[in-house]
Amino acid sequence: QVQLVESGGGLVQAGGSLRLSCGVSGDTSRTYAMGWFRQAPGKEREFVARILWNGGSRYYTDSVKGRFTISRDNAKNTVYLVMNSLKPEETAVYYCAVAVARSGYRNLQSPYAYDFWGQGTQVTVSS
């Protein structure tokens, strides 16, 4: 089992910045990728960014490219999401997730590719 705990959310004005953290504990030996998703009220969970645990390859949804940065600290089993130039429409609960290694293709932009989830952290961007 893997446990994830997000932190760093809060209230920020439009144009501001936040850094989210996601601490991972438990059996992390099979971690393949970690992702950040967000979900606004009444909307589906949306992919934001992901990073491969080994090698560090990153991928972002188009709307956050150039503003958000995902990174990891393997020694601390922590993944970060630095969010700059935040917009009111990015108000949501932000979740981190772990995808474990397994055979076959999967789309790491889909929440169904991930096996373990944190409880989420609220990000509110005021206009």
# chains A, B, ... in the order shown; residues from 1 in each chain; ligands from 1
>>> residues_around(residues="Gly56 in chain A", least_positions_apart="3", cutoff="12 Å", atoms="only C-alpha atoms", output="PyMOL selection string")
chain A and resi 32-35+50-53+59+70-74+79
>>> write_last_selection(atoms="all heavy atoms", output="CSV table (one decimal), in the first residue's frame")
chain,number,residue,atom,x,y,z
A,32,TYR,N,6.0,4.1,-10.6
A,32,TYR,CA,6.4,4.4,-12.0
A,32,TYR,C,6.2,5.9,-12.4
A,32,TYR,O,7.1,6.5,-13.0
A,32,TYR,CB,5.5,3.6,-13.0
A,32,TYR,CG,5.7,3.9,-14.4
A,32,TYR,CD1,6.9,3.6,-15.1
A,32,TYR,CD2,4.6,4.4,-15.2
A,32,TYR,CE1,7.1,4.0,-16.4
A,32,TYR,CE2,4.8,4.7,-16.5
A,32,TYR,CZ,6.0,4.5,-17.1
A,32,TYR,OH,6.2,4.8,-18.4
A,33,ALA,N,5.1,6.5,-11.9
A,33,ALA,CA,4.9,7.9,-12.2
A,33,ALA,C,4.1,8.5,-11.1
A,33,ALA,O,3.4,7.8,-10.4
A,33,ALA,CB,4.2,8.0,-13.6
A,34,MET,N,4.2,9.8,-11.0
A,34,MET,CA,3.3,10.5,-10.1
A,34,MET,C,2.6,11.7,-10.9
A,34,MET,O,3.3,12.3,-11.8
A,34,MET,CB,4.1,11.1,-8.9
A,34,MET,CG,4.5,10.0,-8.0
A,34,MET,SD,5.1,10.6,-6.4
A,34,MET,CE,3.5,11.2,-5.7
A,35,GLY,N,1.4,11.9,-10.6
A,35,GLY,CA,0.7,12.9,-11.3
A,35,GLY,C,-0.1,13.9,-10.4
A,35,GLY,O,-0.3,13.5,-9.2
A,50,ARG,N,2.4,15.4,-14.9
A,50,ARG,CA,3.0,14.1,-14.3
A,50,ARG,C,4.5,14.1,-14.5
A,50,ARG,O,5.0,14.8,-15.4
A,50,ARG,CB,2.3,12.9,-15.0
A,50,ARG,CG,2.5,12.8,-16.5
A,50,ARG,CD,3.8,11.9,-16.8
A,50,ARG,NE,3.9,11.7,-18.2
A,50,ARG,CZ,5.1,11.6,-18.8
A,50,ARG,NH1,6.2,11.9,-18.2
A,50,ARG,NH2,5.1,11.4,-20.1
A,51,ILE,N,5.1,13.2,-13.7
A,51,ILE,CA,6.5,13.0,-13.8
A,51,ILE,C,6.8,11.6,-13.6
A,51,ILE,O,6.2,10.9,-12.7
A,51,ILE,CB,7.2,13.9,-12.7
A,51,ILE,CG1,8.8,13.9,-12.9
A,51,ILE,CG2,6.8,13.5,-11.3
A,51,ILE,CD1,9.5,14.9,-12.1
A,52,LEU,N,7.8,11.1,-14.4
A,52,LEU,CA,8.2,9.7,-14.2
A,52,LEU,C,9.2,9.6,-13.0
A,52,LEU,O,10.0,10.5,-12.9
A,52,LEU,CB,8.8,9.1,-15.5
A,52,LEU,CG,8.0,9.1,-16.7
A,52,LEU,CD1,8.7,8.4,-17.8
A,52,LEU,CD2,6.6,8.4,-16.4
A,53,TRP,N,9.0,8.6,-12.2
A,53,TRP,CA,9.8,8.5,-11.0
A,53,TRP,C,11.3,8.3,-11.3
A,53,TRP,O,12.1,8.9,-10.6
A,53,TRP,CB,9.3,7.4,-10.1
A,53,TRP,CG,9.7,7.5,-8.7
A,53,TRP,CD1,10.4,6.7,-7.9
A,53,TRP,CD2,9.3,8.6,-7.8
A,53,TRP,NE1,10.6,7.2,-6.7
A,53,TRP,CE2,9.9,8.3,-6.5
A,53,TRP,CE3,8.5,9.8,-7.9
A,53,TRP,CZ2,9.8,9.2,-5.4
A,53,TRP,CZ3,8.4,10.6,-6.8
A,53,TRP,CH2,9.0,10.3,-5.6
A,59,TYR,N,5.4,15.9,-18.1
A,59,TYR,CA,4.4,16.3,-19.1
A,59,TYR,C,3.3,17.1,-18.5
A,59,TYR,O,2.9,16.9,-17.3
A,59,TYR,CB,3.8,15.0,-19.7
A,59,TYR,CG,2.9,15.3,-20.9
A,59,TYR,CD1,3.5,15.4,-22.2
A,59,TYR,CD2,1.5,15.4,-20.8
A,59,TYR,CE1,2.7,15.7,-23.3
A,59,TYR,CE2,0.7,15.6,-21.9
A,59,TYR,CZ,1.3,15.8,-23.1
A,59,TYR,OH,0.5,16.1,-24.2
A,70,ILE,N,6.4,20.7,-12.3
A,70,ILE,CA,6.4,19.5,-11.4
A,70,ILE,C,7.8,19.0,-11.2
A,70,ILE,O,8.6,19.0,-12.2
A,70,ILE,CB,5.5,18.4,-12.1
A,70,ILE,CG1,5.3,17.2,-11.1
A,70,ILE,CG2,6.0,17.9,-13.4
A,70,ILE,CD1,4.2,16.2,-11.5
A,71,SER,N,8.1,18.6,-10.0
A,71,SER,CA,9.4,18.1,-9.7
A,71,SER,C,9.3,17.0,-8.6
A,71,SER,O,8.3,16.9,-8.0
A,71,SER,CB,10.4,19.2,-9.3
A,71,SER,OG,9.9,19.8,-8.1
A,72,ARG,N,10.4,16.3,-8.4
A,72,ARG,CA,10.3,15.3,-7.4
A,72,ARG,C,11.7,15.3,-6.7
A,72,ARG,O,12.7,15.6,-7.2
A,72,ARG,CB,10.1,13.9,-8.1
A,72,ARG,CG,11.4,13.3,-8.7
A,72,ARG,CD,11.1,12.4,-9.8
A,72,ARG,NE,12.2,11.6,-10.3
A,72,ARG,CZ,13.3,12.1,-10.9
A,72,ARG,NH1,13.4,13.4,-11.0
A,72,ARG,NH2,14.3,11.3,-11.3
A,73,ASP,N,11.6,14.8,-5.4
A,73,ASP,CA,12.8,14.5,-4.6
A,73,ASP,C,12.7,13.1,-4.2
A,73,ASP,O,11.9,12.8,-3.2
A,73,ASP,CB,12.8,15.5,-3.4
A,73,ASP,CG,14.0,15.4,-2.6
A,73,ASP,OD1,14.6,14.3,-2.6
A,73,ASP,OD2,14.4,16.3,-1.9
A,74,ASN,N,13.4,12.2,-4.9
A,74,ASN,CA,13.3,10.8,-4.6
A,74,ASN,C,13.7,10.5,-3.2
A,74,ASN,O,13.1,9.6,-2.6
A,74,ASN,CB,14.1,10.0,-5.6
A,74,ASN,CG,13.5,10.0,-7.0
A,74,ASN,OD1,12.8,11.0,-7.4
A,74,ASN,ND2,13.6,9.0,-7.7
A,79,VAL,N,6.8,14.8,-4.2
A,79,VAL,CA,6.6,15.5,-5.5
A,79,VAL,C,6.0,16.9,-5.2
A,79,VAL,O,5.2,17.1,-4.3
A,79,VAL,CB,5.6,14.7,-6.4
A,79,VAL,CG1,5.3,15.4,-7.6
A,79,VAL,CG2,6.3,13.3,-6.7
>>> select_by_dssp(residues="chain A", states="strand (DSSP E)", output="MDAnalysis selection string")
chainID A and resid 2:7 10:13 18:26 31:39 46:52 58:60 68:73 78:83 92:100 116:117 121:126
>>> residues_around(residues="Lys43 in chain A", least_positions_apart="4", cutoff="12 Å", atoms="only C-alpha atoms", output="ChimeraX atom specification")
/A:38-39,89-93
>>> write_last_selection(atoms="C-alpha atoms", output="mmCIF file, in the first residue's frame")
data_model
loop_
_atom_site.group_PDB
_atom_site.id
_atom_site.type_symbol
_atom_site.label_atom_id
_atom_site.label_comp_id
_atom_site.auth_asym_id
_atom_site.auth_seq_id
_atom_site.Cartn_x
_atom_site.Cartn_y
_atom_site.Cartn_z
ATOM 1 C CA ARG A 38 -7.506 18.905 -10.101
ATOM 2 C CA GLN A 39 -11.239 18.865 -9.720
ATOM 3 C CA GLU A 89 -10.632 29.296 -13.145
ATOM 4 C CA GLU A 90 -7.901 27.122 -11.637
ATOM 5 C CA THR A 91 -9.708 27.064 -8.328
ATOM 6 C CA ALA A 92 -10.109 23.393 -7.478
ATOM 7 C CA VAL A 93 -9.107 20.590 -5.183
#
>>> closest_atom_pairs(of="range 42-79 of chain A", to="range 1-19 of chain A", cutoff="10 Å", atoms="only C-alpha atoms", output="Markdown table")
| residue | atom | partner | partner_atom | distance |
| --- | --- | --- | --- | --- |
| A:Arg67 | CA | A:Ser17 | CA | 9.4 |
| A:Phe68 | CA | A:Arg19 | CA | 9.4 |
| A:Thr69 | CA | A:Arg19 | CA | 9.3 |
| A:Ile70 | CA | A:Arg19 | CA | 9.7 |
| A:Asn77 | CA | A:Leu4 | CA | 9.8 |
| A:Thr78 | CA | A:Leu4 | CA | 9.2 |
| A:Val79 | CA | A:Glu6 | CA | 9.3 |
>>> write_last_selection(atoms="N, CA, C and O atoms", output="PDB file, in the first residue's frame")
ATOM      1  N   ARG A  67       3.798  27.833 -16.852  1.00  0.00           N
ATOM      2  CA  ARG A  67       3.420  28.437 -15.566  1.00  0.00           C
ATOM      3  C   ARG A  67       3.597  27.466 -14.392  1.00  0.00           C
ATOM      4  O   ARG A  67       3.914  27.886 -13.294  1.00  0.00           O
ATOM      5  N   PHE A  68       3.355  26.196 -14.618  1.00  0.00           N
ATOM      6  CA  PHE A  68       3.460  25.170 -13.571  1.00  0.00           C
ATOM      7  C   PHE A  68       4.715  24.351 -13.802  1.00  0.00           C
ATOM      8  O   PHE A  68       5.121  24.101 -14.944  1.00  0.00           O
ATOM      9  N   THR A  69       5.298  23.898 -12.704  1.00  0.00           N
ATOM     10  CA  THR A  69       6.457  23.018 -12.778  1.00  0.00           C
ATOM     11  C   THR A  69       6.292  21.874 -11.788  1.00  0.00           C
ATOM     12  O   THR A  69       6.059  22.106 -10.597  1.00  0.00           O
ATOM     13  N   ILE A  70       6.394  20.663 -12.298  1.00  0.00           N
ATOM     14  CA  ILE A  70       6.357  19.482 -11.445  1.00  0.00           C
ATOM     15  C   ILE A  70       7.787  19.005 -11.236  1.00  0.00           C
ATOM     16  O   ILE A  70       8.614  19.031 -12.159  1.00  0.00           O
ATOM     17  N   ASN A  77      10.900  11.167  -1.089  1.00  0.00           N
ATOM     18  CA  ASN A  77       9.630  10.610  -1.558  1.00  0.00           C
ATOM     19  C   ASN A  77       8.556  11.687  -1.638  1.00  0.00           C
ATOM     20  O   ASN A  77       7.434  11.514  -1.142  1.00  0.00           O
ATOM     21  N   THR A  78       8.913  12.790  -2.256  1.00  0.00           N
ATOM     22  CA  THR A  78       8.006  13.925  -2.331  1.00  0.00           C
ATOM     23  C   THR A  78       7.974  14.460  -3.758  1.00  0.00           C
ATOM     24  O   THR A  78       8.997  14.516  -4.430  1.00  0.00           O
ATOM     25  N   VAL A  79       6.792  14.838  -4.174  1.00  0.00           N
ATOM     26  CA  VAL A  79       6.599  15.484  -5.462  1.00  0.00           C
ATOM     27  C   VAL A  79       6.025  16.874  -5.218  1.00  0.00           C
ATOM     28  O   VAL A  79       5.204  17.059  -4.306  1.00  0.00           O
TER      29      VAL A  79
END
>>> closest_residue(among="A:Phe47, A:Phe37, A:Tyr112, A:Trp117", to="Val98 in chain A", atoms="only C-alpha atoms")
A:Trp117
>>> atom_distance(atom1="CA of Gln119 in chain A", atom2="CA of Tyr95 in chain A")
6.7 Å
>>> atom_distance(atom1="CA of Asp115 in chain A", atom2="CA of Ala101 in chain A")
9.9 Å
>>> closest_residue(among="A:Ser103, A:Val64, A:Lys76, A:Ala49", to="Val24 in chain A", atoms="only C-alpha atoms")
A:Lys76
